[in-house]
Amino acid sequence: MRILMLGGTEFVGRAVTDDALARGWDVTVFHRGRHDPPAGVASLHGDRTADGGLAALEDGTWDAVVDTWSRAPSAVRDAASLLRGRAGSYAYISSRSVYRFPEPLGLGEGAPLVDGSPDDDGHDDYAAAKRGGELAALGAFGDRALLVRAGLILGPYENIGRLPWWLTRIARGGEVLAPGPRDAGIQYIDVRDLAAWTLDAVENNLGGPFDLVCPSTHTTMDELLEACVQTTGSDADLVWTPPETILDAGIEPWMDLPVWIPPGEAYDTIHGVNVSKALSAGLRCRPVQETVADTWEWLQSIGGQAPQRPDRPVLGLSPEAEAKALHP
């Protein structure tokens with residue numbers, strides 16, 4: 001297959017590009033030139049936010065387009081409109097943030113959606129921007145648009161700072177604030193499983209929305225943090241702490257302690273996802289231990305410091321706040 005990757009040099013786009021190359025596909029990567037794409041791709045340069053920034057895409061045909069854009073929906077609209085008629089399908093990597101909060105437990109892809117517009121030039125509201133991107137893809141490609149509504153994404157090349165923070169913190173050793181309940185299920189998607197499912201779906205001409213995270217029974221907070229201890233070879237002591245104690249200390253879920261959400265509506269929305277549709281369409285999720293080990297191996301290969309997306313906040317609890325919570 002001939003695939004056009006809009007992006008393709010960082011995290012999700014990189015994983016999709018790597019997987020497509022491993023399949024022997026002909027891959028074209030359209031990017032700004034700030035990061036080198038994987039070897040073996042045809043590289044086109046352009047800035048989708050600039051006037052004339054899509055000029056490099058005015059010629060060429062592809063079997064499928066994969067787009068990971070997460071800012072102004074108008075950029076998706078312009079790219080999809082330009083490529084309509086010259087690409088077989090358009091896979092837009094969206095987000096489960098497009099559902100109205102709180103999402104009804106177990107409702108899946110039929111849950112109510114936030115408002116969005118494909119003509120929006122702003123991106124301050126992430127959920128609205130992703131929904132606008134979906135509408136842009138649908139407007140240009142109709143039932144040939146695949147909407148991949150990913151949840152929490154982990155794995156090698158992560159530039160958000162979730163799993164890298166936990167690995168780095170646990171590798172440092174000592175007492176580690178471990179947020180309970182320890183047996184609480186967590187739902188995420190390994191970036192490579194996301195890439196593989198997306199390309200399989202493209203190859204099988206799937207369209208429409210799919211929620212993409214592992215099943216709720218796949219792993220727990222305990223298994224994730226224990227995998228970090230085992231992988232790093234750390235002497236860390238996981239001090240499991242009740243959610244109430246953590247919240248009373250002023251510690252913010254998700255931001256100060258990445259991945260973790262205490263029981264309640266937010267937990268049900270993020271970690272209570274019905275993924276039966278994606279599973280029926282071939283979703284396969286590797287063990288959490290593999291995700292953790294491969295992310296640590298990658299992190300070590302680049303000197304231990306994960307890249308940070310400039311448009312995302314730096315995550316993680318400060319040592320001072322952790323110490324205060326552990327020994328009030």
# chains A, B, ... in the order shown; residues from 1 in each chain; ligands from 1

call {"tool": "residues_around", "arguments": {"residues": "segment 92-102 of chain A", "least_positions_apart": "2", "cutoff": "7 Å", "atoms": "only C-alpha atoms", "output": "VMD selection string"}}
result
chain A and resid 66 to 68 90 104 111 to 114 127 to 128 130 to 131 134 137 146 to 151 211 265 to 266 269

call {"tool": "select_by_dssp", "arguments": {"residues": "segment 41-229 of chain A", "states": "strand (DSSP E or B)", "output": "number ranges by chain"}}
result
A: 42-45, 62-67, 84, 87-95, 99, 113, 145-150, 153-154, 175-179, 185, 189-190, 208-212, 220

call {"tool": "residues_around", "arguments": {"residues": "Leu194 of chain A", "least_positions_apart": "6", "cutoff": "9 Å", "atoms": "only C-alpha atoms", "output": "PyMOL selection string"}}
result
chain A and resi 12+15-16+148+150+153+212-213+283+285

call {"tool": "residues_around", "arguments": {"residues": "Ala39 of chain A", "least_positions_apart": "6", "cutoff": "10 Å", "atoms": "only C-alpha atoms", "output": "list in words"}}
result
Thr17, Asp18 and Leu21 of chain A

call {"tool": "write_last_selection", "arguments": {"atoms": "C-alpha atoms", "output": "CSV table (one decimal), in the first residue's frame"}}
result
chain,number,residue,atom,x,y,z
A,17,THR,CA,5.4,5.2,10.1
A,18,ASP,CA,7.6,2.5,11.6
A,21,LEU,CA,7.6,0.5,6.8

call {"tool": "residues_around", "arguments": {"residues": "segment 247-251 of chain A", "least_positions_apart": "5", "cutoff": "9 Å", "atoms": "only C-alpha atoms", "output": "JSON, numbers by chain"}}
result
{"A": [242, 256, 257, 262, 317, 321, 322, 324, 325, 328]}

call {"tool": "residues_around", "arguments": {"residues": "segment 165-177 of chain A", "least_positions_apart": "6", "cutoff": "7 Å", "atoms": "only C-alpha atoms", "output": "list in words"}}
result
Cys228, Val229, Thr232, Ser234, Asp235, Ala236, Asp237, Leu238, Val239, Trp240, Thr241, Trp296, Gly316, Glu322 and Leu326 of chain A
